[in-house]
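Trainee: To be precise about what I am sending: the file is called start_8.txt and holds compact mmCIF, C-alpha atoms.
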```
# COMPACT_ATOMS: atom_id res chain seq x y z
CA MET A 436 0.00 0.00 0.00
CA GLN A 437 2.79 2.43 0.94
CA LYS A 438 4.50 1.85 -2.41
CA LYS A 439 1.36 2.91 -4.34
CA LEU A 440 1.07 6.11 -2.29
CA ASP A 441 4.73 6.92 -2.90
CA LYS A 442 4.30 6.49 -6.66
CA ALA A 443 1.20 8.70 -6.66
CA ALA A 444 2.96 11.37 -4.61
CA ALA A 445 5.99 11.27 -6.91
CA LYS A 446 3.77 11.58 -9.98
CA ASN A 447 1.97 14.57 -8.44
CA ILE A 448 5.28 16.29 -7.63
CA MET A 449 6.55 15.68 -11.19
CA LYS A 450 3.35 17.16 -12.62
CA LYS A 451 3.64 20.28 -10.42
CA ASN A 452 7.29 20.72 -11.42
CA THR A 453 6.39 20.35 -15.10
CA VAL A 454 3.62 22.96 -14.85
CA ALA A 455 5.95 25.39 -13.05
CA ARG A 456 8.64 24.83 -15.68
CA ILE A 457 6.18 25.47 -18.52
CA LYS A 458 4.98 28.72 -16.93
CA SER A 459 8.49 30.01 -16.36
CA ARG A 460 9.51 29.10 -19.92
CA MET A 461 6.49 30.94 -21.31
CA ALA A 462 7.40 34.04 -19.29
CA ALA A 463 11.03 33.78 -20.46
CA ALA A 464 9.88 33.53 -24.09
CA ILE A 465 7.74 36.65 -23.66
CA LYS A 466 10.71 38.53 -22.17
CA LYS A 467 12.99 37.32 -24.96
CA ASN A 468 10.55 38.54 -27.61
CA GLY A 469 10.99 42.14 -26.42
CA ALA A 470 8.64 44.90 -25.35
CA TYR A 471 4.97 44.13 -24.81
CA ASP A 472 1.88 46.06 -23.75
CA LEU A 473 -0.75 43.36 -23.48
CA ILE A 474 -0.54 39.60 -23.02
CA VAL A 475 -3.81 37.73 -23.56
CA CYS A 476 -4.33 34.23 -22.13
CA GLY A 477 -7.30 31.92 -22.03
CA ARG A 478 -9.35 31.79 -18.87
CA GLN A 479 -8.60 28.17 -18.04
CA ALA A 480 -7.21 24.92 -19.35
CA ALA A 481 -9.57 22.47 -20.99
CA ASP A 482 -8.21 19.57 -18.96
CA THR A 483 -7.87 20.98 -15.43
CA ASN A 484 -9.88 24.25 -15.40
CA ALA A 485 -7.02 25.54 -13.24
CA GLY A 486 -6.64 29.00 -14.79
CA GLN A 487 -3.01 29.29 -13.69
CA VAL A 488 -1.06 30.33 -16.78
CA GLY A 489 -2.08 34.00 -17.03
CA THR A 490 -1.66 34.70 -13.33
CA ALA A 491 1.67 32.86 -13.20
CA ILE A 492 3.06 34.77 -16.20
CA ALA A 493 1.99 38.08 -14.65
CA ASP A 494 3.62 37.08 -11.37
CA ILE A 495 6.90 36.13 -13.04
CA LEU A 496 6.93 39.31 -15.16
CA GLU A 497 5.78 41.39 -12.18
CA ILE A 498 2.95 43.08 -14.08
CA PRO A 499 -0.79 43.37 -13.30
CA VAL A 500 -3.18 40.57 -14.21
CA ILE A 501 -6.91 41.04 -14.78
CA THR A 502 -8.84 37.79 -14.94
CA LEU A 503 -12.16 36.71 -16.45
CA CYS A 504 -12.45 39.56 -18.96
CA GLY A 505 -15.33 39.62 -21.41
CA LYS A 506 -14.37 42.92 -23.03
CA VAL A 507 -10.97 44.57 -23.51
CA GLU A 508 -10.44 48.11 -24.79
CA VAL A 509 -7.20 50.09 -25.08
CA THR A 510 -7.72 53.79 -24.33
CA LYS A 511 -4.93 56.38 -23.98
CA GLY A 512 -2.31 53.84 -22.97
CA LYS A 513 -4.56 52.18 -20.39
CA LEU A 514 -6.82 49.16 -20.47
CA LYS A 515 -10.54 49.47 -19.91
CA LEU A 516 -11.84 46.01 -19.03
CA GLU A 517 -15.17 44.41 -18.32
CA ARG A 518 -14.76 41.48 -15.93
CA VAL A 519 -17.34 38.71 -15.92
CA LEU A 520 -18.73 38.07 -12.44
CA GLU A 521 -21.11 35.43 -11.14
CA ASP A 522 -23.92 37.96 -10.79
CA GLY A 523 -23.07 40.41 -13.59
CA SER A 524 -19.94 42.33 -14.52
CA GLU A 525 -17.65 45.12 -13.40
CA THR A 526 -15.69 47.68 -15.41
CA ILE A 527 -12.15 48.49 -14.32
CA GLU A 528 -9.06 50.22 -15.69
CA SER A 529 -5.50 48.95 -15.58
CA PRO A 530 -2.13 50.33 -16.60
CA MET A 531 -0.13 48.59 -19.30
CA PRO A 532 1.73 46.33 -19.62
CA ALA A 533 -0.67 43.76 -18.21
CA VAL A 534 -1.87 40.18 -18.60
CA VAL A 535 -5.57 39.66 -19.32
CA THR A 536 -7.36 36.33 -19.19
CA VAL A 537 -10.44 35.95 -21.39
CA GLY A 538 -13.16 33.39 -21.98
CA TYR A 539 -15.81 32.79 -24.61
CA GLU A 540 -17.49 36.11 -23.74
CA ILE A 541 -14.71 37.96 -25.60
CA GLY A 542 -16.25 37.03 -28.96
CA ASP A 543 -16.73 34.42 -31.61
CA ILE A 544 -13.85 32.42 -33.00
CA ARG A 545 -13.01 33.53 -36.52
CA GLU A 546 -11.65 31.13 -39.05
CA GLY A 547 -9.24 32.36 -41.68
CA ASP A 548 -10.01 32.00 -45.34
CA PHE A 549 -8.00 29.77 -47.64
CA GLU A 550 -5.58 32.55 -48.64
CA ALA A 551 -4.85 33.39 -45.00
CA GLU A 552 -4.15 29.73 -44.28
CA MET A 553 -1.77 29.56 -47.23
CA ARG A 554 0.09 32.67 -45.98
CA ALA A 555 0.28 31.14 -42.52
CA ASP A 556 1.80 27.97 -43.97
CA ASP A 557 4.63 30.06 -45.43
CA GLN A 558 5.53 31.70 -42.09
CA GLU A 559 8.67 30.62 -40.31
CA ILE A 560 8.20 29.28 -36.79
CA THR A 561 10.69 30.57 -34.23
CA ILE A 562 11.92 27.91 -31.85
CA TRP A 563 13.65 28.97 -28.63
CA ASP A 564 15.73 26.69 -26.48
```
What would you get if you wrote out this structure as structure tokens?
Mentor:
Amino acid sequence: MQKKLDKAAAKNIMKKNTVARIKSRMAAAIKKNGAYDLIVCGRQAADTNAGQVGTAIADILEIPVITLCGKVEVTKGKLKLERVLEDGSETIESPMPAVVTVGYEIGDIREGDFEAEMRADDQEITIWD
């Protein structure tokens, strides 16, 4: 019995370390890419619903994070955001740079046309170590 618990604990620790490593690598890639004003992340993962990536990136980069946004507007170098709440919404402002997490409320998914897909196929993909 003890052996099974040890394996489960080890697997959980490995998973946590992997998630932390992914978050820190994403933040490092953003820093390496240069200046940024706005970083947009999804609200949550499809598999865990954890919603950790946006907040972790903001923490690593030491910039504000505004979660659960249904509307994002850039006005005079600031963000005007509408956050989705359980019983409605709230409008807030934030300085930039910032991380914003969004869900389906932000709008419909648009699919590119054939020409856009062909142009995308010709783009070089940057791979960082």
Trainee: Extract, using only C-alpha atoms, all DNA, RNA and protein residues at most 10 Å from region 541-545 of chain A, discarding same-chain residues fewer than 4 positions from it, and format them as a list in words.
Mentor: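 The contact residues come out as Leu503, Cys504, Gly505, Lys506, Val507, Glu517, Thr536 and Val537 of chain A.
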Trainee: Using Å and a single decimal, report how far CA of Ala491 (chain A) sits from CA of Ser459 (chain A).
Mentor: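 Separation of CA of Ser459 (chain A) and CA of Ala491 (chain A): 8.0 Å.
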Trainee: Is there a way to get, as a ChimeraX atom specification, all residues within 10 Å of the point (0.1, 36.4, -17.5) in file coordinates, counting all atoms listed in the file?
Mentor: /A:458,461-462,465,473-477,487-502,533-536
Trainee: I'd like to know which of A:Lys466, A:Leu514, A:Arg460, A:Gly547 is closest to Met531 (chain A), using only C-alpha atoms.
Mentor: A:Leu514
Trainee: Can you pull out every residue within 8 Å of Ile527 (chain A), counting all atoms listed in the file, but drop anything in the same chain fewer than 3 positions away, and send it as a list in words?
Mentor: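 Listing them by chain and then by number gives Lys515, Leu516, Glu517 and Arg518 of chain A.
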Trainee: Export C-alpha atoms of the chosen residues as a compact mmCIF listing (two decimals), in the frame of the given file?
Mentor:
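Heads up, here's the output in selection_26.txt:
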```txt
# COMPACT_ATOMS: atom_id res chain seq x y z
CA LYS A 515 -10.54 49.47 -19.91
CA LEU A 516 -11.84 46.01 -19.03
CA GLU A 517 -15.17 44.41 -18.32
CA ARG A 518 -14.76 41.48 -15.93
```
Trainee: As an exercise, work out the distance from CA of Gln558 (chain A) to CA of Tyr471 (chain A) in Å and give it to one decimal place.
Mentor: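 If I compute the distance from CA of Gln558 (chain A) to CA of Tyr471 (chain A), I get 21.3 Å.
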Trainee: Using Å and a single decimal, report how far CA of Gly486 (chain A) sits from CA of Ala463 (chain A).
Mentor: 19.2 Å
Trainee: What's the 12 Å shell around Lys511 (chain A), counting all atoms listed in the file, without same-chain residues fewer than 6 positions away, as a list in words?
Mentor: Glu528, Ser529, Pro530 and Met531 of chain A
Trainee: Let me have the centre and edge lengths of the axis-aligned box enclosing all listed atoms of region 491-504 of chain A with 6 Å padding on every side, in Å to one decimal, as JSON.
Mentor:
```
{"center_x": -2.8, "center_y": 38.1, "center_z": -15.2, "size_x": 31.4, "size_y": 22.5, "size_z": 19.6}
```
